[in-house]
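To be precise, the following lines are model.txt, and they hold compact mmCIF, C-alpha atoms (C1' of nucleotides).
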# COMPACT_ATOMS: atom_id res chain seq x y z
CA MET A 1 92.47 139.71 40.17
CA SER A 2 92.88 143.36 39.26
CA SER A 3 89.65 144.78 40.63
CA GLU A 4 91.22 145.11 44.05
CA ASN A 5 92.56 148.28 45.53
CA ILE A 6 95.43 149.53 43.40
CA GLU A 7 97.20 151.13 46.36
CA THR A 8 97.55 147.78 48.05
CA ARG A 9 98.90 146.28 44.87
CA ILE A 10 101.57 148.94 44.76
CA ARG A 11 102.35 148.49 48.45
CA ILE A 12 102.97 144.82 47.71
CA LEU A 13 105.19 145.60 44.73
CA ASP A 14 107.18 148.14 46.73
CA ALA A 15 107.58 145.67 49.56
CA THR A 16 108.73 142.99 47.13
CA VAL A 17 111.34 145.24 45.56
CA ARG A 18 112.58 146.33 48.96
CA MET A 19 112.84 142.83 50.37
CA LEU A 20 114.49 141.37 47.29
CA GLU A 21 117.06 144.14 47.00
CA GLU A 22 117.76 143.91 50.72
CA HIS A 23 118.28 140.15 50.66
CA ARG A 24 119.78 139.92 47.19
CA GLY A 25 116.92 137.84 45.94
CA ARG A 26 117.51 134.95 48.33
CA GLY A 27 115.15 133.41 50.87
CA VAL A 28 112.38 135.99 50.64
CA ARG A 29 109.04 134.34 51.36
CA MET A 30 105.49 135.41 50.59
CA ALA A 31 104.90 135.89 54.31
CA ASP A 32 107.88 138.27 54.56
CA ILE A 33 106.61 140.35 51.68
CA ALA A 34 103.12 140.52 53.18
CA LYS A 35 104.52 141.59 56.54
CA THR A 36 106.62 144.31 54.94
CA ALA A 37 103.60 145.53 52.99
CA GLY A 38 101.60 145.58 56.23
CA ILE A 39 98.93 143.14 55.11
CA SER A 40 98.12 139.48 55.60
CA ARG A 41 99.82 136.79 53.56
CA GLN A 42 96.53 135.79 52.01
CA ALA A 43 95.85 139.32 50.80
CA VAL A 44 98.91 139.03 48.56
CA TYR A 45 97.16 136.20 46.78
CA LEU A 46 94.18 138.46 46.14
CA HIS A 47 96.47 140.52 43.91
CA PHE A 48 98.91 137.96 42.53
CA ALA A 49 98.05 134.36 41.80
CA SER A 50 101.47 132.97 42.64
CA ARG A 51 104.96 133.83 43.70
CA ALA A 52 106.13 133.64 40.10
CA GLU A 53 103.43 136.06 38.96
CA LEU A 54 104.39 138.47 41.72
CA LEU A 55 108.06 138.30 40.74
CA GLU A 56 107.16 138.86 37.10
CA ALA A 57 104.95 141.85 37.94
CA THR A 58 107.70 143.20 40.17
CA THR A 59 110.24 143.23 37.33
CA ARG A 60 107.81 145.11 35.10
CA TYR A 61 107.04 147.54 37.93
CA ARG A 62 110.73 148.08 38.55
CA ASP A 63 111.33 148.85 34.89
CA GLU A 64 108.52 151.39 34.92
CA LEU A 65 109.93 153.14 37.97
CA LEU A 66 113.40 153.15 36.50
CA ASP A 67 112.11 154.76 33.31
CA LEU A 68 113.74 152.34 30.96
CA ASP A 69 113.01 154.31 27.83
CA ARG A 70 114.76 157.41 29.09
CA ARG A 71 117.76 155.35 30.06
CA LEU A 72 117.90 153.67 26.70
CA ALA A 73 117.59 156.90 24.77
CA PRO A 74 121.32 157.73 24.60
CA SER A 75 122.32 154.41 23.07
CA ARG A 76 119.42 154.61 20.61
CA ALA A 77 120.54 158.05 19.55
CA ALA A 78 124.11 156.95 18.88
CA THR A 79 125.52 157.99 15.52
CA SER A 80 127.92 155.09 15.06
CA GLY A 81 127.97 151.40 15.84
CA VAL A 82 130.92 151.75 18.18
CA GLU A 83 129.18 154.53 20.07
CA ARG A 84 125.98 152.55 20.24
CA LEU A 85 127.77 149.53 21.65
CA ALA A 86 129.55 151.64 24.26
CA LEU A 87 126.38 153.47 25.31
CA TYR A 88 124.39 150.28 25.52
CA ILE A 89 126.95 148.77 27.86
CA ASP A 90 126.82 152.00 29.88
CA PHE A 91 123.08 151.68 30.14
CA TRP A 92 123.28 148.04 31.14
CA GLY A 93 126.04 148.59 33.67
CA HIS A 94 123.98 151.15 35.54
CA TYR A 95 120.71 149.26 35.15
CA ILE A 96 121.81 145.87 36.37
CA PRO A 97 122.68 146.81 39.98
CA GLU A 98 119.20 148.26 40.35
CA ILE A 99 117.40 145.12 39.28
CA TYR A 100 119.84 142.61 40.71
CA GLY A 101 117.70 141.45 43.64
CA VAL A 102 114.58 140.92 41.60
CA GLY A 103 116.49 139.29 38.77
CA LYS A 104 118.32 136.95 41.08
CA ALA A 105 115.06 135.88 42.73
CA LEU A 106 113.58 135.13 39.34
CA LEU A 107 116.72 133.26 38.37
CA LEU A 108 116.67 131.14 41.51
CA ALA A 109 112.97 130.40 41.22
CA GLN A 110 113.69 128.68 37.92
CA ASP A 111 114.62 125.59 39.90
CA THR A 112 111.08 124.75 40.88
CA ASP A 113 108.98 127.17 38.95
CA GLU A 114 108.31 126.90 35.25
CA ALA A 115 106.51 130.24 35.16
CA ALA A 116 109.47 132.03 36.72
CA ALA A 117 111.76 130.44 34.16
CA SER A 118 109.73 131.80 31.26
CA ALA A 119 109.40 135.22 32.89
CA TRP A 120 113.18 135.43 33.12
CA LYS A 121 113.56 134.22 29.56
CA ASP A 122 111.33 137.12 28.50
CA ARG A 123 113.54 139.66 30.22
CA MET A 124 116.57 138.10 28.61
CA LEU A 125 115.07 138.35 25.15
CA ALA A 126 114.65 142.07 25.66
CA LEU A 127 118.34 142.24 26.51
CA ARG A 128 119.11 140.30 23.34
CA ASP A 129 117.23 142.86 21.26
CA GLY A 130 119.51 145.55 22.60
CA CYS A 131 122.54 143.45 21.80
CA ARG A 132 121.34 142.76 18.29
CA ALA A 133 120.72 146.44 17.66
CA ALA A 134 124.27 147.27 18.70
CA ILE A 135 125.75 144.52 16.53
CA GLU A 136 123.50 145.53 13.64
CA ALA A 137 124.79 149.09 13.97
CA LEU A 138 128.39 147.90 13.82
CA HIS A 139 127.52 145.85 10.77
CA SER A 140 125.99 148.80 8.87
CA ASP A 141 129.08 150.83 9.68
CA GLY A 142 131.23 148.03 8.29
CA THR A 143 133.08 147.90 11.61
CA LEU A 144 131.94 144.46 12.76
CA ALA A 145 135.01 142.24 12.91
CA PRO A 146 134.89 139.97 9.87
CA GLU A 147 135.07 136.66 11.71
CA TRP A 148 131.57 137.22 13.11
CA THR A 149 128.17 136.58 11.69
CA ARG A 150 125.66 139.07 13.09
CA GLU A 151 123.80 136.22 14.76
CA LYS A 152 126.84 134.79 16.51
CA ALA A 153 128.09 138.20 17.57
CA THR A 154 124.69 138.97 19.08
CA ASP A 155 124.77 135.73 21.08
CA ALA A 156 128.28 136.44 22.25
CA LEU A 157 127.56 140.01 23.38
CA TRP A 158 124.37 138.79 25.02
CA THR A 159 126.36 136.27 27.00
CA MET A 160 128.90 138.85 28.13
CA LEU A 161 126.09 140.90 29.66
CA LEU A 162 124.54 138.05 31.63
CA LEU A 163 123.65 138.81 35.22
CA PRO A 164 125.98 136.20 36.78
CA ASN A 165 128.98 137.94 35.21
CA TRP A 166 128.09 141.22 36.83
CA GLU A 167 127.27 139.43 40.06
CA HIS A 168 130.56 137.62 40.14
CA LEU A 169 132.75 140.60 39.37
CA THR A 170 131.08 143.04 41.72
CA ILE A 171 129.78 140.93 44.59
CA ASP A 172 132.33 138.11 44.65
CA CYS A 173 135.40 139.94 43.35
CA GLY A 174 134.60 143.37 44.73
CA TRP A 175 134.81 145.34 41.50
CA SER A 176 133.01 148.67 41.29
CA THR A 177 130.29 149.36 38.76
CA GLN A 178 132.73 151.59 36.91
CA GLN A 179 135.31 148.82 36.70
CA TYR A 180 132.66 146.40 35.47
CA ILE A 181 131.57 148.80 32.76
CA ARG A 182 135.10 149.60 31.65
CA TRP A 183 136.11 145.96 31.42
CA THR A 184 132.96 144.93 29.59
CA LYS A 185 133.38 147.76 27.10
CA THR A 186 137.02 146.94 26.49
CA LEU A 187 136.23 143.29 26.02
CA ALA A 188 133.33 143.97 23.67
CA MET A 189 135.35 146.42 21.59
CA ARG A 190 138.21 144.00 21.19
CA ALA A 191 135.84 141.15 20.44
CA PHE A 192 133.51 142.74 17.95
CA VAL A 193 135.08 145.85 16.44
CA GLU A 194 137.47 145.50 13.54
CA GLU A 195 141.11 146.45 14.10
CA SER A 196 140.42 147.71 17.58
CA ALA A 197 144.13 147.95 18.39
CA MET B 198 128.45 107.88 58.50
CA SER B 199 131.09 106.05 56.48
CA SER B 200 130.97 102.62 58.11
CA GLU B 201 128.12 101.59 55.82
CA ASN B 202 128.47 99.43 52.78
CA ILE B 203 130.68 101.22 50.29
CA GLU B 204 128.97 99.65 47.28
CA THR B 205 125.69 101.25 48.25
CA ARG B 206 127.41 104.58 48.67
CA ILE B 207 128.73 104.32 45.13
CA ARG B 208 125.36 103.23 43.81
CA ILE B 209 123.92 106.41 45.34
CA LEU B 210 126.63 108.59 43.84
CA ASP B 211 126.19 106.99 40.42
CA ALA B 212 122.45 107.45 40.64
CA THR B 213 122.91 111.10 41.63
CA VAL B 214 125.22 111.81 38.72
CA ARG B 215 122.88 110.08 36.30
CA MET B 216 119.78 111.85 37.51
CA LEU B 217 121.40 115.28 37.63
CA GLU B 218 122.92 114.99 34.16
CA GLU B 219 119.64 113.68 32.80
CA HIS B 220 117.60 116.51 34.28
CA ARG B 221 120.23 119.23 33.98
CA GLY B 222 120.38 119.65 37.72
CA ARG B 223 116.76 120.72 38.10
CA GLY B 224 114.03 119.20 40.22
CA VAL B 225 115.86 116.05 41.26
CA ARG B 226 114.65 114.95 44.69
CA MET B 227 116.18 112.66 47.28
CA ALA B 228 113.38 110.16 46.62
CA ASP B 229 114.22 110.10 42.90
CA ILE B 230 117.86 109.44 43.58
CA ALA B 231 116.99 106.65 46.02
CA LYS B 232 114.67 105.04 43.51
CA THR B 233 117.31 105.20 40.79
CA ALA B 234 119.85 103.66 43.14
CA GLY B 235 117.36 100.92 43.97
CA ILE B 236 117.18 101.64 47.69
CA SER B 237 114.84 103.40 50.07
CA ARG B 238 114.92 107.14 50.53
CA GLN B 239 115.92 106.73 54.15
CA ALA B 240 118.93 104.61 53.23
CA VAL B 241 120.38 107.60 51.39
CA TYR B 242 120.48 109.42 54.72
CA LEU B 243 122.51 106.56 56.21
CA HIS B 244 125.29 107.57 53.82
CA PHE B 245 124.82 111.31 53.42
CA ALA B 246 123.55 113.59 56.14
CA SER B 247 121.78 116.01 53.79
CA ARG B 248 121.10 116.84 50.19
CA ALA B 249 123.89 119.40 50.21
CA GLU B 250 126.38 116.84 51.51
CA LEU B 251 125.31 114.40 48.81
CA LEU B 252 125.74 117.03 46.11
CA GLU B 253 129.13 117.96 47.46
CA ALA B 254 130.26 114.33 47.58
CA THR B 255 128.92 113.84 44.07
CA THR B 256 131.07 116.62 42.64
CA ARG B 257 134.16 115.13 44.25
CA TYR B 258 133.21 111.67 42.99
CA ARG B 259 132.66 113.04 39.49
CA ASP B 260 136.09 114.68 39.51
CA GLU B 261 137.69 111.41 40.54
CA LEU B 262 135.99 109.49 37.75
CA LEU B 263 136.92 112.15 35.24
CA ASP B 264 140.57 111.95 36.26
CA LEU B 265 141.06 115.64 36.68
CA ASP B 266 144.81 115.47 37.07
CA ARG B 267 145.30 113.72 33.76
CA ARG B 268 143.08 116.28 32.06
CA LEU B 269 144.95 119.17 33.60
CA ALA B 270 148.37 117.78 32.70
CA PRO B 271 148.63 119.37 29.22
CA SER B 272 147.98 122.91 30.43
CA ARG B 273 150.40 122.41 33.31
CA ALA B 274 153.07 121.25 30.91
CA ALA B 275 152.71 124.28 28.66
CA THR B 276 155.92 126.04 27.79
CA SER B 277 154.51 129.52 27.36
CA GLY B 278 151.84 131.65 28.94
CA VAL B 279 149.83 131.85 25.76
CA GLU B 280 149.93 128.09 25.37
CA ARG B 281 148.98 127.58 28.99
CA LEU B 282 145.99 129.88 28.67
CA ALA B 283 144.82 128.12 25.52
CA LEU B 284 145.24 124.65 26.97
CA TYR B 285 143.50 125.59 30.18
CA ILE B 286 140.49 126.83 28.24
CA ASP B 287 140.59 123.58 26.25
CA PHE B 288 140.53 121.62 29.47
CA TRP B 289 137.69 123.67 30.88
CA GLY B 290 135.64 123.56 27.72
CA HIS B 291 135.68 119.78 27.69
CA TYR B 292 135.26 119.44 31.43
CA ILE B 293 132.30 121.71 31.94
CA PRO B 294 129.72 119.76 29.88
CA GLU B 295 130.52 116.69 31.94
CA ILE B 296 129.85 118.34 35.27
CA TYR B 297 127.08 120.65 34.16
CA GLY B 298 124.20 118.81 35.81
CA VAL B 299 125.88 118.46 39.16
CA GLY B 300 127.19 122.00 39.07
CA LYS B 301 123.82 123.43 38.19
CA ALA B 302 122.15 121.52 41.03
CA LEU B 303 124.70 122.89 43.46
CA LEU B 304 124.22 126.36 42.04
CA LEU B 305 120.44 126.20 42.39
CA ALA B 306 120.62 124.78 45.90
CA GLN B 307 122.38 127.99 46.97
CA ASP B 308 118.97 129.58 47.31
CA THR B 309 118.00 127.70 50.42
CA ASP B 310 121.11 125.86 51.39
CA GLU B 311 124.10 127.51 52.99
CA ALA B 312 126.16 124.32 52.79
CA ALA B 313 125.56 124.00 49.07
CA ALA B 314 126.64 127.58 48.60
CA SER B 315 129.97 127.00 50.29
CA ALA B 316 130.51 123.73 48.42
CA TRP B 317 130.08 125.56 45.14
CA LYS B 318 132.36 128.35 46.30
CA ASP B 319 135.02 125.73 46.92
CA ARG B 320 134.78 124.39 43.39
CA MET B 321 134.96 127.93 42.06
CA LEU B 322 138.11 128.66 44.01
CA ALA B 323 139.76 125.67 42.36
CA LEU B 324 138.82 127.17 39.00
CA ARG B 325 140.32 130.47 40.08
CA ASP B 326 143.63 128.77 40.87
CA GLY B 327 143.78 127.53 37.31
CA CYS B 328 143.02 131.02 36.03
CA ARG B 329 145.66 132.58 38.21
CA ALA B 330 148.26 130.07 37.05
CA ALA B 331 147.53 130.96 33.42
CA ILE B 332 147.69 134.70 34.07
CA GLU B 333 150.86 134.22 36.15
CA ALA B 334 152.41 132.37 33.20
CA LEU B 335 151.56 135.23 30.85
CA HIS B 336 153.07 137.65 33.33
CA SER B 337 156.39 135.78 33.58
CA ASP B 338 156.55 135.70 29.80
CA GLY B 339 155.97 139.44 29.73
CA THR B 340 152.99 138.89 27.47
CA LEU B 341 150.25 140.00 29.85
CA ALA B 342 148.64 143.09 28.39
CA PRO B 343 149.93 146.08 30.35
CA GLU B 344 146.58 147.46 31.43
CA TRP B 345 146.02 144.47 33.71
CA THR B 346 147.17 143.76 37.20
CA ARG B 347 147.58 140.02 37.72
CA GLU B 348 144.80 140.08 40.29
CA LYS B 349 142.29 141.83 38.06
CA ALA B 350 143.16 139.69 35.06
CA THR B 351 142.63 136.56 37.14
CA ASP B 352 139.20 137.77 38.22
CA ALA B 353 138.28 138.63 34.66
CA LEU B 354 139.36 135.28 33.22
CA TRP B 355 137.62 133.52 36.08
CA THR B 356 134.42 135.32 35.21
CA MET B 357 134.67 134.41 31.54
CA LEU B 358 134.77 130.74 32.46
CA LEU B 359 131.71 130.81 34.72
CA LEU B 360 129.22 128.02 34.22
CA PRO B 361 126.30 130.27 33.20
CA ASN B 362 128.27 131.55 30.22
CA TRP B 363 128.80 128.04 28.93
CA GLU B 364 125.20 127.18 29.73
CA HIS B 365 123.86 130.15 27.88
CA LEU B 366 125.94 129.73 24.75
CA THR B 367 125.47 126.00 24.36
CA ILE B 368 122.04 125.27 25.81
CA ASP B 369 120.22 128.53 25.09
CA CYS B 370 122.02 129.63 21.92
CA GLY B 371 122.82 126.20 20.54
CA TRP B 372 126.57 126.61 20.16
CA SER B 373 128.73 123.50 20.03
CA THR B 374 131.45 122.80 22.57
CA GLN B 375 134.00 123.57 19.86
CA GLN B 376 132.42 126.94 19.15
CA TYR B 377 132.36 127.75 22.86
CA ILE B 378 136.02 126.89 23.21
CA ARG B 379 137.07 128.84 20.15
CA TRP B 380 135.17 131.96 21.17
CA THR B 381 136.41 131.83 24.75
CA LYS B 382 139.99 131.40 23.59
CA THR B 383 139.72 134.25 21.12
CA LEU B 384 138.20 136.51 23.71
CA ALA B 385 140.78 135.64 26.34
CA MET B 386 143.67 136.12 23.94
CA ARG B 387 142.42 139.53 22.86
CA ALA B 388 141.69 140.53 26.42
CA PHE B 389 144.85 139.42 28.18
CA VAL B 390 147.67 138.94 25.67
CA GLU B 391 149.66 141.93 24.56
CA GLU B 392 149.40 142.97 20.90
CA SER B 393 147.25 140.01 20.01
CA ALA B 394 146.39 141.49 16.62
C1' DC C 395 69.70 154.77 58.16
C1' DT C 396 69.73 150.22 56.75
C1' DT C 397 71.61 147.05 53.14
C1' DT C 398 75.04 145.53 50.02
C1' DT C 399 79.56 145.37 48.24
C1' DT C 400 84.42 145.54 48.54
C1' DA C 401 88.91 144.71 50.46
C1' DC C 402 90.92 142.50 53.68
C1' DT C 403 91.53 139.28 57.96
C1' DT C 404 91.72 134.96 60.50
C1' DG C 405 92.44 130.35 60.87
C1' DA C 406 92.39 125.93 58.98
C1' DC C 407 94.10 122.80 55.69
C1' DA C 408 96.19 120.20 51.50
C1' DC C 409 100.44 119.40 49.30
C1' DT C 410 105.43 118.84 48.48
C1' DG C 411 109.97 118.05 49.87
C1' DT C 412 113.62 117.59 53.57
C1' DG C 413 115.18 115.47 57.44
C1' DT C 414 114.35 112.42 61.85
C1' DC C 415 112.98 108.47 64.57
C1' DA C 416 111.67 103.80 66.09
C1' DA C 417 110.65 99.23 65.20
C1' DT C 418 111.57 95.49 62.09
C1' DT C 419 113.79 92.23 58.69
C1' DG C 420 117.28 89.38 56.68
C1' DA C 421 121.94 88.06 56.10
C1' DC C 422 126.24 86.97 57.61
C1' DA C 423 129.66 86.03 61.38
C1' DT C 424 130.94 84.07 65.67
C1' DA D 425 121.56 80.55 68.76
C1' DT D 426 123.04 85.05 69.05
C1' DG D 427 124.58 89.43 67.86
C1' DT D 428 125.65 92.79 64.51
C1' DC D 429 125.00 95.41 60.48
C1' DA D 430 122.64 97.41 56.44
C1' DA D 431 118.72 98.40 54.94
C1' DT D 432 113.43 98.60 55.15
C1' DT D 433 108.86 100.40 56.52
C1' DG D 434 105.99 103.72 58.20
C1' DA D 435 105.20 107.58 60.94
C1' DC D 436 106.14 112.23 61.90
C1' DA D 437 107.97 117.25 62.46
C1' DC D 438 108.84 121.25 59.81
C1' DA D 439 108.88 124.87 56.25
C1' DG D 440 106.83 127.08 52.45
C1' DT D 441 103.22 127.56 48.77
C1' DG D 442 98.71 127.83 47.58
C1' DT D 443 93.46 127.19 48.69
C1' DC D 444 89.20 127.69 51.15
C1' DA D 445 85.45 129.34 54.15
C1' DA D 446 83.76 132.37 57.45
C1' DG D 447 83.99 136.77 59.42
C1' DT D 448 84.76 141.99 59.77
C1' DA D 449 84.92 146.84 58.94
C1' DA D 450 84.15 150.57 56.14
C1' DA D 451 82.49 152.65 52.06
C1' DA D 452 78.76 152.84 48.54
C1' DA D 453 74.05 152.44 47.33
C1' DG D 454 69.30 152.15 48.15

Have the structure of the file written as structure tokens, please.
Amino acid sequence: MSSENIETRIRILDATVRMLEEHRGRGVRMADIAKTAGISRQAVYLHFASRAELLEATTRYRDELLDLDRRLAPSRAATSGVERLALYIDFWGHYIPEIYGVGKALLLAQDTDEAAASAWKDRMLALRDGCRAAIEALHSDGTLAPEWTREKATDALWTMLLLPNWEHLTIDCGWSTQQYIRWTKTLAMRAFVEESA
Amino acid sequence: MSSENIETRIRILDATVRMLEEHRGRGVRMADIAKTAGISRQAVYLHFASRAELLEATTRYRDELLDLDRRLAPSRAATSGVERLALYIDFWGHYIPEIYGVGKALLLAQDTDEAAASAWKDRMLALRDGCRAAIEALHSDGTLAPEWTREKATDALWTMLLLPNWEHLTIDCGWSTQQYIRWTKTLAMRAFVEESA
DNA sequence: CTTTTTACTTGACACTGTGTCAATTGACAT
DNA sequence: ATGTCAATTGACACAGTGTCAAGTAAAAAG
């Protein structure tokens, strides 16, 4: 599956990203992707066994291109829990619009496709790790609001950052990325940080 | 379309509700619904023109059975904004698990089906009305936190109550309905009510 | 300069699920 | 007995995914 020409593989991945971002993850078929990549539909299957596998590979490819580690560096370098939480939300707020199309496609494919469902779950667990790290940092600082266990706070922050929330606020309600980030930060601070008044 | 036997129509709707709740809205086909209702697949089309129309009718049917007006009465009778907000979240928290399957099916059908998308949008606008009423009540009391416009606060509350948030917390994270309601209330109070400390 | 290999193409086809159509059955009403 | 109505049966069109076999064109290997 991987012995084939790497350039073609990348052309397919680029085409997939382009199509999914353009159409917000909806109604993009294998044939459309092939056409955009300038190859036959069947050639796509020489590189990716199924639509789900292509979507999964596309998310990984996207993350590479976006240089995830560099983007995460600021929040990882934070010197306090509050700062870490704020910087992680900053990271996420700028990251999510760039992966929206691919993520949405993966999300929608869950309906029929078990493999797509588990691929998405994987991505979400990575998000949870970031959330846990931020909550853990608050906890070590002693600034995690006392009503929370670390576990529950992680789940709650994780939920706040879910893709549909961003989608709804920006696409349906017309908020800007900046407004989304500000509101999410405010909410998280009031929810998780002690005496945030 | 409506001249047909009403009993059969109801049998179909009951079967649809049952199947969707049972399978959490995923992978339920017209043939499955027909089989559950004890009729032929084609007979379903004598009552509903398409899958989207059936899903739409099913949500309305579900709301009837659940006696939405009775359930909404407490929040409508609230004497303060804070009370109204709390009671509306109570209502929603108990309502959402009962419509989850149908809602999820409608949500997933958005991928391919334009009609399903607009049916879901309709349901969501009804939810927004409830949110606006609660925010409006806070505003008249003078207890809406000053950083919010009524419009933005409505959008934000609306987003908090989105189905995927409930889904994630209860189904993925294992929270109980009570925990979901408590957390949502706490969050909403801290977000929208002035000096909630 | 032929032969082999590699990457891809073309076209056909199986499968699933939605939605349509035509002919038929069985019950109930007039 | 006749007509009407609800539903049945079986066939089919259509879209999209995934598979398969045969062919092609160019690069690599002898």

Neighbours of segment 168-170 of chain A within 8 Å (all atoms listed in the file; same-chain residues fewer than 6 positions away dropped), as a list of chain:residue names?
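Close residues of segment 168-170 of chain A: A:Ser176, A:Thr177, A:Tyr180, B:Asp352, B:Ala353, B:Thr356.
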
List every residue of chain D that has an atom at most 10 Å from any atom of segment 409-423 of chain C, giving for each one its closest atom pair and the distance in Å to one decimal, counting all atoms listed in the file, sorted by chain and then by ascending residue number, as a Markdown table.
| residue | atom | partner | partner_atom | distance |
| --- | --- | --- | --- | --- |
| D:DG427 | C1' | C:DA423 | C1' | 8.9 |
| D:DT428 | C1' | C:DA423 | C1' | 8.5 |
| D:DC429 | C1' | C:DC422 | C1' | 9.0 |
| D:DA430 | C1' | C:DA421 | C1' | 9.4 |
| D:DA431 | C1' | C:DT419 | C1' | 8.7 |
| D:DT432 | C1' | C:DT419 | C1' | 7.3 |
| D:DT433 | C1' | C:DT418 | C1' | 7.9 |
| D:DG434 | C1' | C:DA417 | C1' | 9.5 |
| D:DA435 | C1' | C:DC415 | C1' | 8.6 |
| D:DC436 | C1' | C:DT414 | C1' | 8.2 |
| D:DA437 | C1' | C:DT414 | C1' | 8.0 |
| D:DC438 | C1' | C:DT412 | C1' | 8.7 |
| D:DA439 | C1' | C:DT412 | C1' | 9.1 |
| D:DG440 | C1' | C:DT410 | C1' | 9.3 |
| D:DT441 | C1' | C:DC409 | C1' | 8.6 |
| D:DG442 | C1' | C:DC409 | C1' | 8.8 |

Filtering to C-alpha atoms (C1' of nucleotides), could you give me those residues as a tab-separated table (two decimals), keeping the file's coordinate frame?
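Final output, result_30.tsv:
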chain	number	residue	atom	x	y	z
D	427	DG	C1'	124.58	89.43	67.86
D	428	DT	C1'	125.65	92.79	64.51
D	429	DC	C1'	125.00	95.41	60.48
D	430	DA	C1'	122.64	97.41	56.44
D	431	DA	C1'	118.72	98.40	54.94
D	432	DT	C1'	113.43	98.60	55.15
D	433	DT	C1'	108.86	100.40	56.52
D	434	DG	C1'	105.99	103.72	58.20
D	435	DA	C1'	105.20	107.58	60.94
D	436	DC	C1'	106.14	112.23	61.90
D	437	DA	C1'	107.97	117.25	62.46
D	438	DC	C1'	108.84	121.25	59.81
D	439	DA	C1'	108.88	124.87	56.25
D	440	DG	C1'	106.83	127.08	52.45
D	441	DT	C1'	103.22	127.56	48.77
D	442	DG	C1'	98.71	127.83	47.58

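Any residue of chain C with an atom no more than 10 Å from chain A counts as a contact; using only C-alpha atoms (C1' of nucleotides), that gives DT400, DA401, DC402, DT403 and DT404 of chain C.
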
Select, as a ChimeraX atom specification, those residues of chain A with any atom no more than 12 Å from chain D (distances computed using only C-alpha atoms (C1' of nucleotides)).
/A:27-32,41-42,44-46,48-52,112-113

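Interatomic distance, atom CA of Ala119 of chain A against atom CA of Leu55 of chain A: 8.5 Å.
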
Draw an axis-aligned box over all listed atoms of segment 246-256 of chain B, pad each side with 6 Å, and write its centre and edge lengths in Å, one decimal, as lines of an AutoDock Vina configuration file.
center_x = 126.1
center_y = 116.5
center_z = 49.4
size_x = 22.0
size_y = 17.8
size_z = 25.5

Which residues of chain A sit at most 9 Å from chain B, using only C-alpha atoms? Give each one's shortest atom pair and distance in Å (one decimal place), in chain and ascending residue order, as JSON lines.
{"residue": "A:Gly25", "atom": "CA", "partner": "B:Asp308", "partner_atom": "CA", "distance": 8.6}
{"residue": "A:Arg26", "atom": "CA", "partner": "B:Asp308", "partner_atom": "CA", "distance": 5.7}
{"residue": "A:Gly27", "atom": "CA", "partner": "B:Thr309", "partner_atom": "CA", "distance": 6.4}
{"residue": "A:Ala105", "atom": "CA", "partner": "B:Asp308", "partner_atom": "CA", "distance": 8.7}
{"residue": "A:Leu107", "atom": "CA", "partner": "B:Leu305", "partner_atom": "CA", "distance": 8.9}
{"residue": "A:Leu108", "atom": "CA", "partner": "B:Leu305", "partner_atom": "CA", "distance": 6.3}
{"residue": "A:Ala109", "atom": "CA", "partner": "B:Asp308", "partner_atom": "CA", "distance": 8.6}
{"residue": "A:Gln110", "atom": "CA", "partner": "B:Leu305", "partner_atom": "CA", "distance": 8.5}
{"residue": "A:Asp111", "atom": "CA", "partner": "B:Arg223", "partner_atom": "CA", "distance": 5.6}
{"residue": "A:Thr112", "atom": "CA", "partner": "B:Gly224", "partner_atom": "CA", "distance": 6.3}
{"residue": "A:Lys152", "atom": "CA", "partner": "B:Cys370", "partner_atom": "CA", "distance": 8.9}
{"residue": "A:Asp155", "atom": "CA", "partner": "B:Cys370", "partner_atom": "CA", "distance": 6.7}
{"residue": "A:Ala156", "atom": "CA", "partner": "B:Leu366", "partner_atom": "CA", "distance": 7.5}
{"residue": "A:Thr159", "atom": "CA", "partner": "B:Asn362", "partner_atom": "CA", "distance": 6.0}
{"residue": "A:Met160", "atom": "CA", "partner": "B:Asn362", "partner_atom": "CA", "distance": 7.6}
{"residue": "A:Leu162", "atom": "CA", "partner": "B:Asn362", "partner_atom": "CA", "distance": 7.6}
{"residue": "A:Pro164", "atom": "CA", "partner": "B:Pro361", "partner_atom": "CA", "distance": 6.9}
{"residue": "A:Asn165", "atom": "CA", "partner": "B:Thr356", "partner_atom": "CA", "distance": 6.0}
{"residue": "A:Trp166", "atom": "CA", "partner": "B:Thr356", "partner_atom": "CA", "distance": 8.8}
{"residue": "A:His168", "atom": "CA", "partner": "B:Thr356", "partner_atom": "CA", "distance": 6.7}
{"residue": "A:Leu169", "atom": "CA", "partner": "B:Thr356", "partner_atom": "CA", "distance": 6.9}
{"residue": "A:Cys173", "atom": "CA", "partner": "B:Asp352", "partner_atom": "CA", "distance": 6.7}
{"residue": "A:Trp175", "atom": "CA", "partner": "B:Lys349", "partner_atom": "CA", "distance": 9.0}
{"residue": "A:Trp183", "atom": "CA", "partner": "B:Ala353", "partner_atom": "CA", "distance": 8.3}
{"residue": "A:Thr186", "atom": "CA", "partner": "B:Ala388", "partner_atom": "CA", "distance": 7.9}
{"residue": "A:Leu187", "atom": "CA", "partner": "B:Ala388", "partner_atom": "CA", "distance": 6.1}
{"residue": "A:Ala188", "atom": "CA", "partner": "B:Leu384", "partner_atom": "CA", "distance": 8.9}
{"residue": "A:Arg190", "atom": "CA", "partner": "B:Arg387", "partner_atom": "CA", "distance": 6.4}
{"residue": "A:Ala191", "atom": "CA", "partner": "B:Leu384", "partner_atom": "CA", "distance": 6.1}
{"residue": "A:Glu195", "atom": "CA", "partner": "B:Ala394", "partner_atom": "CA", "distance": 7.7}
{"residue": "A:Ser196", "atom": "CA", "partner": "B:Ala394", "partner_atom": "CA", "distance": 8.7}
{"residue": "A:Ala197", "atom": "CA", "partner": "B:Ala394", "partner_atom": "CA", "distance": 7.1}
